[in-house]
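Reading through the structure tokens given below for one structure.
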Amino acid sequence: MSSRQLGRAGGRAAAAASRVHSTAAGPQKRSRKGKKISVRYDSVDGGSQEEEEADSKRLKWEPGNWRQQLENIREMRRHKDAPVDQMGAEKCFDSGAPPEVMRYQVLLSLMLSSQTKDQVTSAAMLRLREHGLTVDNVLQTDDGTLGQLIYPVGFWKNKVKYIKQTTAILKQQYGSDIPGTVEELMKLPGIGPKMAHLVMAIAWNTVTGIGVDTHVHRITNRLRWVKEETKTPEETRVALEDWLPRDLWGEINWLLVGFGQQICLPVSPRCQECLNRDICPAAKRC
């Protein structure tokens, strides 16, 4: 081999060695002006962020047949002829009163409605309105007279105390109006989550949560609209809000209260009259 050929062979060997070294050190970075790079973020366990969000949506629990059950209940409630439709909190206030007075009357009607049938609450509210249902007038009314006006609502003696305490707070802290948030409403004596959310919906026309009373609590457990059986209305509210689309929260109380008053009774429910009898988990036990 000539010296020229030896030189060429040595050059090729050096180039090959350089390529091997470059490959071992890692890929060469190349830059192309204007080229867009798609960035994908990985989670700690190796899955992508997009995959985790998709899995979350796929894995979110919801009860079987709930949409059909809801449509059936809407159909059974379409006549709006249950006691709640005629004598519920939305029907008990003076629609011609100033806005702050109307809101106060909504609050009191819901305070009276606890553990009380709508017919009894409606009659008590009528007597109160005839007496003069304003913050100032209630503060000037002695406890004995107030008790006579609201009797025989459930726990009427406690409610006299709560009404007087709450009314004084409204006068002192809210200019004779009512609070405009769930948190502030729940600071008032005798006001729990159910009442607070219903007050926000009726008095302020703002849906902040599902108002769960005994009817809603009972029916949603019968329908298995809760992942596990709940013991209290507040547990039921939390369980429902975890999966039920928010745009349905506003109608659930009205729908299920009337349904519970007419069909899905606490004792001896009228399953044979119910459109959900074939898809209700509790219907077989009726």
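Convention: chains lettered A, B, ... in structure tokens order; per-chain residue numbering from 1; ligands numbered from 1 as shown.
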
Proximity check region 66-181 of chain A to region 207-221 of chain A, 9 Å, nearest pairs one decimal Å, only C-alpha atoms, as a tab-separated table:
residue	atom	partner	partner_atom	distance
A:Ser114	CA	A:Asp213	CA	8.6
A:Gln115	CA	A:Thr214	CA	8.9
A:Thr181	CA	A:Thr208	CA	8.7

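Take CA of Ala82 (chain A) and CA of His197 (chain A): the distance between them is 21.4 Å.
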
If we count only C-alpha atoms, what is near region 84-95 of chain A at a cut-off of 7 Å, once residues fewer than 2 positions away on the same chain are taken out, given as a short mmCIF file (atom, residue, chain, number, x, y, z; two decimals) with N, CA, C and O atoms, in the first residue's frame?
data_model
loop_
_atom_site.label_atom_id
_atom_site.label_comp_id
_atom_site.auth_asym_id
_atom_site.auth_seq_id
_atom_site.Cartn_x
_atom_site.Cartn_y
_atom_site.Cartn_z
N LYS A 80 -97.36 20.06 39.11
CA LYS A 80 -97.03 20.99 40.19
C LYS A 80 -98.20 21.13 41.17
O LYS A 80 -98.65 22.25 41.49
N ASP A 81 -98.66 20.01 41.66
CA ASP A 81 -99.82 20.02 42.56
C ASP A 81 -99.53 19.42 43.93
O ASP A 81 -100.44 19.02 44.66
N ALA A 82 -98.27 19.36 44.31
CA ALA A 82 -97.90 18.88 45.64
C ALA A 82 -98.01 20.04 46.64
O ALA A 82 -98.04 21.21 46.24
N ALA A 97 -93.93 43.32 48.93
CA ALA A 97 -93.14 44.01 49.96
C ALA A 97 -91.80 44.46 49.39
O ALA A 97 -91.36 43.96 48.34
N MET A 102 -89.05 41.05 51.75
CA MET A 102 -89.32 39.75 51.12
C MET A 102 -88.24 38.74 51.51
O MET A 102 -88.55 37.59 51.84
N GLN A 105 -88.73 37.56 55.02
CA GLN A 105 -89.86 36.64 55.11
C GLN A 105 -89.50 35.25 54.57
O GLN A 105 -89.95 34.23 55.11
N VAL A 106 -88.70 35.20 53.53
CA VAL A 106 -88.20 33.91 53.02
C VAL A 106 -87.40 33.20 54.10
O VAL A 106 -87.57 32.01 54.36
N SER A 109 -89.71 31.90 56.83
CA SER A 109 -90.53 30.77 56.39
C SER A 109 -89.72 29.48 56.39
O SER A 109 -90.23 28.41 56.75
N LEU A 110 -88.45 29.57 56.02
CA LEU A 110 -87.59 28.39 56.03
C LEU A 110 -87.24 27.98 57.46
O LEU A 110 -87.14 26.78 57.76
N ASP A 118 -95.73 21.59 55.21
CA ASP A 118 -95.91 22.85 54.48
C ASP A 118 -97.22 23.54 54.85
O ASP A 118 -97.29 24.77 54.91
N GLN A 119 -98.28 22.77 55.07
CA GLN A 119 -99.58 23.35 55.40
C GLN A 119 -99.50 24.14 56.71
O GLN A 119 -100.08 25.23 56.83
N SER A 122 -97.27 27.32 56.18
CA SER A 122 -97.99 28.34 55.41
C SER A 122 -99.00 29.09 56.28
O SER A 122 -99.11 30.32 56.21
N MET A 125 -97.12 31.44 58.61
CA MET A 125 -96.61 32.61 57.89
C MET A 125 -97.74 33.59 57.58
O MET A 125 -97.53 34.81 57.63
N ILE A 202 -83.82 31.11 46.82
CA ILE A 202 -85.13 31.77 46.77
C ILE A 202 -85.00 33.28 46.97
O ILE A 202 -85.59 34.06 46.23
N GLY A 258 -91.62 17.46 46.35
CA GLY A 258 -92.97 17.18 45.88
C GLY A 258 -93.18 15.71 45.56
O GLY A 258 -94.23 15.13 45.86
#

Hey, which bits of region 169-257 of chain A sit within 7 Å of region 150-165 of chain A, and for each residue what's the closest pair of atoms and how far apart in Å (one decimal), counting only C-alpha atoms, rows by chain and increasing number, as a Markdown table?
| residue | atom | partner | partner_atom | distance |
| --- | --- | --- | --- | --- |
| A:Ile169 | CA | A:Gln165 | CA | 6.4 |
| A:Pro189 | CA | A:Tyr162 | CA | 5.4 |
| A:Gly190 | CA | A:Tyr162 | CA | 5.8 |

Keeping only C-alpha atoms, write the selected residues to a file as a CSV table (one decimal), in the first residue's frame.
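Once everything was written out, this is selection.csv:
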chain,number,residue,atom,x,y,z
A,169,ILE,CA,-78.6,40.4,64.4
A,189,PRO,CA,-79.1,31.0,65.1
A,190,GLY,CA,-81.1,28.0,63.8

Exercise for review: Write down as a ChimeraX atom specification the residues belonging to region 73-230 of chain A that are assigned alpha helix (DSSP H) by DSSP computed on the backbone.
Suggested key: /A:73-76,83-87,99-113,118-131,135-139,143-150,156-173,182-185,193-203,214-222

For C-alpha atoms, I'd like the residues from the last selection saved as a PDB file, in the first residue's frame.
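Result written to result.pdb:
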ATOM      1  CA  ILE A  73     -89.631  12.282  38.217  1.00  0.00           C
ATOM      2  CA  ARG A  74     -89.957  15.444  36.126  1.00  0.00           C
ATOM      3  CA  GLU A  75     -92.865  13.834  34.317  1.00  0.00           C
ATOM      4  CA  MET A  76     -94.542  12.851  37.584  1.00  0.00           C
ATOM      5  CA  PRO A  83     -98.158  20.821  48.929  1.00  0.00           C
ATOM      6  CA  VAL A  84     -94.708  22.369  48.348  1.00  0.00           C
ATOM      7  CA  ASP A  85     -95.957  23.864  45.080  1.00  0.00           C
ATOM      8  CA  GLN A  86     -98.768  25.736  46.807  1.00  0.00           C
ATOM      9  CA  MET A  87     -97.413  26.343  50.313  1.00  0.00           C
ATOM     10  CA  PRO A  99     -86.948  43.431  48.562  1.00  0.00           C
ATOM     11  CA  GLU A 100     -85.288  43.320  51.989  1.00  0.00           C
ATOM     12  CA  VAL A 101     -88.641  42.506  53.639  1.00  0.00           C
ATOM     13  CA  MET A 102     -89.318  39.750  51.116  1.00  0.00           C
ATOM     14  CA  ARG A 103     -85.900  38.244  51.834  1.00  0.00           C
ATOM     15  CA  TYR A 104     -86.540  38.413  55.579  1.00  0.00           C
ATOM     16  CA  GLN A 105     -89.860  36.636  55.115  1.00  0.00           C
ATOM     17  CA  VAL A 106     -88.205  33.912  53.022  1.00  0.00           C
ATOM     18  CA  LEU A 107     -85.679  33.371  55.796  1.00  0.00           C
ATOM     19  CA  LEU A 108     -88.378  33.094  58.465  1.00  0.00           C
ATOM     20  CA  SER A 109     -90.534  30.769  56.388  1.00  0.00           C
ATOM     21  CA  LEU A 110     -87.595  28.387  56.033  1.00  0.00           C
ATOM     22  CA  MET A 111     -86.828  28.610  59.752  1.00  0.00           C
ATOM     23  CA  LEU A 112     -90.429  27.660  60.506  1.00  0.00           C
ATOM     24  CA  SER A 113     -90.498  24.854  57.921  1.00  0.00           C
ATOM     25  CA  ASP A 118     -95.912  22.849  54.483  1.00  0.00           C
ATOM     26  CA  GLN A 119     -99.577  23.353  55.401  1.00  0.00           C
ATOM     27  CA  VAL A 120     -98.649  24.258  58.989  1.00  0.00           C
ATOM     28  CA  THR A 121     -95.785  26.532  57.917  1.00  0.00           C
ATOM     29  CA  SER A 122     -97.989  28.336  55.407  1.00  0.00           C
ATOM     30  CA  ALA A 123    -100.700  28.994  58.013  1.00  0.00           C
ATOM     31  CA  ALA A 124     -98.134  30.310  60.508  1.00  0.00           C
ATOM     32  CA  MET A 125     -96.610  32.607  57.886  1.00  0.00           C
ATOM     33  CA  LEU A 126    -100.052  33.970  57.030  1.00  0.00           C
ATOM     34  CA  ARG A 127    -100.666  34.854  60.693  1.00  0.00           C
ATOM     35  CA  LEU A 128     -97.251  36.490  60.943  1.00  0.00           C
ATOM     36  CA  ARG A 129     -97.830  38.556  57.815  1.00  0.00           C
ATOM     37  CA  GLU A 130    -101.210  39.706  59.118  1.00  0.00           C
ATOM     38  CA  HIS A 131     -99.504  40.694  62.360  1.00  0.00           C
ATOM     39  CA  VAL A 135     -87.704  43.144  61.323  1.00  0.00           C
ATOM     40  CA  ASP A 136     -88.860  46.064  63.465  1.00  0.00           C
ATOM     41  CA  ASN A 137     -92.297  44.617  64.170  1.00  0.00           C
ATOM     42  CA  VAL A 138     -90.957  41.207  65.174  1.00  0.00           C
ATOM     43  CA  LEU A 139     -88.467  42.832  67.554  1.00  0.00           C
ATOM     44  CA  ASP A 143     -92.174  36.055  72.956  1.00  0.00           C
ATOM     45  CA  GLY A 144     -95.608  34.918  74.116  1.00  0.00           C
ATOM     46  CA  THR A 145     -97.401  36.592  71.231  1.00  0.00           C
ATOM     47  CA  LEU A 146     -94.822  35.354  68.726  1.00  0.00           C
ATOM     48  CA  GLY A 147     -95.265  31.812  70.053  1.00  0.00           C
ATOM     49  CA  GLN A 148     -99.027  32.016  69.604  1.00  0.00           C
ATOM     50  CA  LEU A 149     -98.560  33.223  66.046  1.00  0.00           C
ATOM     51  CA  ILE A 150     -96.285  30.377  64.938  1.00  0.00           C
ATOM     52  CA  TRP A 156     -92.017  26.261  68.184  1.00  0.00           C
ATOM     53  CA  LYS A 157     -90.509  27.350  71.507  1.00  0.00           C
ATOM     54  CA  ASN A 158     -86.967  27.025  70.161  1.00  0.00           C
ATOM     55  CA  LYS A 159     -87.996  28.786  66.986  1.00  0.00           C
ATOM     56  CA  VAL A 160     -89.341  31.767  68.922  1.00  0.00           C
ATOM     57  CA  LYS A 161     -85.880  32.123  70.480  1.00  0.00           C
ATOM     58  CA  TYR A 162     -84.060  31.685  67.148  1.00  0.00           C
ATOM     59  CA  ILE A 163     -86.344  34.142  65.362  1.00  0.00           C
ATOM     60  CA  LYS A 164     -85.825  36.826  67.980  1.00  0.00           C
ATOM     61  CA  GLN A 165     -82.035  36.319  68.092  1.00  0.00           C
ATOM     62  CA  THR A 166     -81.690  36.241  64.313  1.00  0.00           C
ATOM     63  CA  THR A 167     -83.905  39.282  63.814  1.00  0.00           C
ATOM     64  CA  ALA A 168     -81.845  41.291  66.297  1.00  0.00           C
ATOM     65  CA  ILE A 169     -78.647  40.364  64.431  1.00  0.00           C
ATOM     66  CA  LEU A 170     -80.174  41.395  61.113  1.00  0.00           C
ATOM     67  CA  LYS A 171     -81.157  44.758  62.575  1.00  0.00           C
ATOM     68  CA  GLN A 172     -77.757  45.412  64.115  1.00  0.00           C
ATOM     69  CA  GLN A 173     -75.393  43.970  61.509  1.00  0.00           C
ATOM     70  CA  VAL A 182     -73.981  30.795  52.766  1.00  0.00           C
ATOM     71  CA  GLU A 183     -71.195  31.326  55.276  1.00  0.00           C
ATOM     72  CA  GLU A 184     -72.833  34.399  56.814  1.00  0.00           C
ATOM     73  CA  LEU A 185     -76.298  32.835  56.824  1.00  0.00           C
ATOM     74  CA  PRO A 193     -76.655  24.221  55.366  1.00  0.00           C
ATOM     75  CA  LYS A 194     -80.017  23.174  53.925  1.00  0.00           C
ATOM     76  CA  MET A 195     -81.713  26.421  54.916  1.00  0.00           C
ATOM     77  CA  ALA A 196     -78.741  28.526  53.851  1.00  0.00           C
ATOM     78  CA  HIS A 197     -78.650  27.080  50.332  1.00  0.00           C
ATOM     79  CA  LEU A 198     -82.430  27.390  49.951  1.00  0.00           C
ATOM     80  CA  VAL A 199     -82.352  30.997  51.184  1.00  0.00           C
ATOM     81  CA  MET A 200     -79.676  31.804  48.619  1.00  0.00           C
ATOM     82  CA  ALA A 201     -81.762  30.223  45.849  1.00  0.00           C
ATOM     83  CA  ILE A 202     -85.128  31.772  46.772  1.00  0.00           C
ATOM     84  CA  ALA A 203     -84.187  35.113  48.333  1.00  0.00           C
ATOM     85  CA  THR A 214     -85.629  14.607  54.761  1.00  0.00           C
ATOM     86  CA  HIS A 215     -87.401  13.998  51.432  1.00  0.00           C
ATOM     87  CA  VAL A 216     -84.272  14.533  49.321  1.00  0.00           C
ATOM     88  CA  HIS A 217     -82.204  12.496  51.782  1.00  0.00           C
ATOM     89  CA  ARG A 218     -84.641   9.570  51.729  1.00  0.00           C
ATOM     90  CA  ILE A 219     -85.299   9.476  47.993  1.00  0.00           C
ATOM     91  CA  THR A 220     -81.691   9.801  46.829  1.00  0.00           C
ATOM     92  CA  ASN A 221     -80.715   6.924  49.106  1.00  0.00           C
ATOM     93  CA  ARG A 222     -83.568   4.812  47.737  1.00  0.00           C
TER      94      ARG A 222
END

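If only C-alpha atoms are the atoms counted, then among A:Leu223, A:Leu188, A:Leu248, A:Leu255 the closest residue to Arg78 (chain A) is A:Leu255.
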
Check your understanding: Pick the closest to Cys280 (chain A) from A:Arg237, A:Glu228, A:Asn65, A:Thr141: which is it, counting only C-alpha atoms?
Key -> A:Asn65
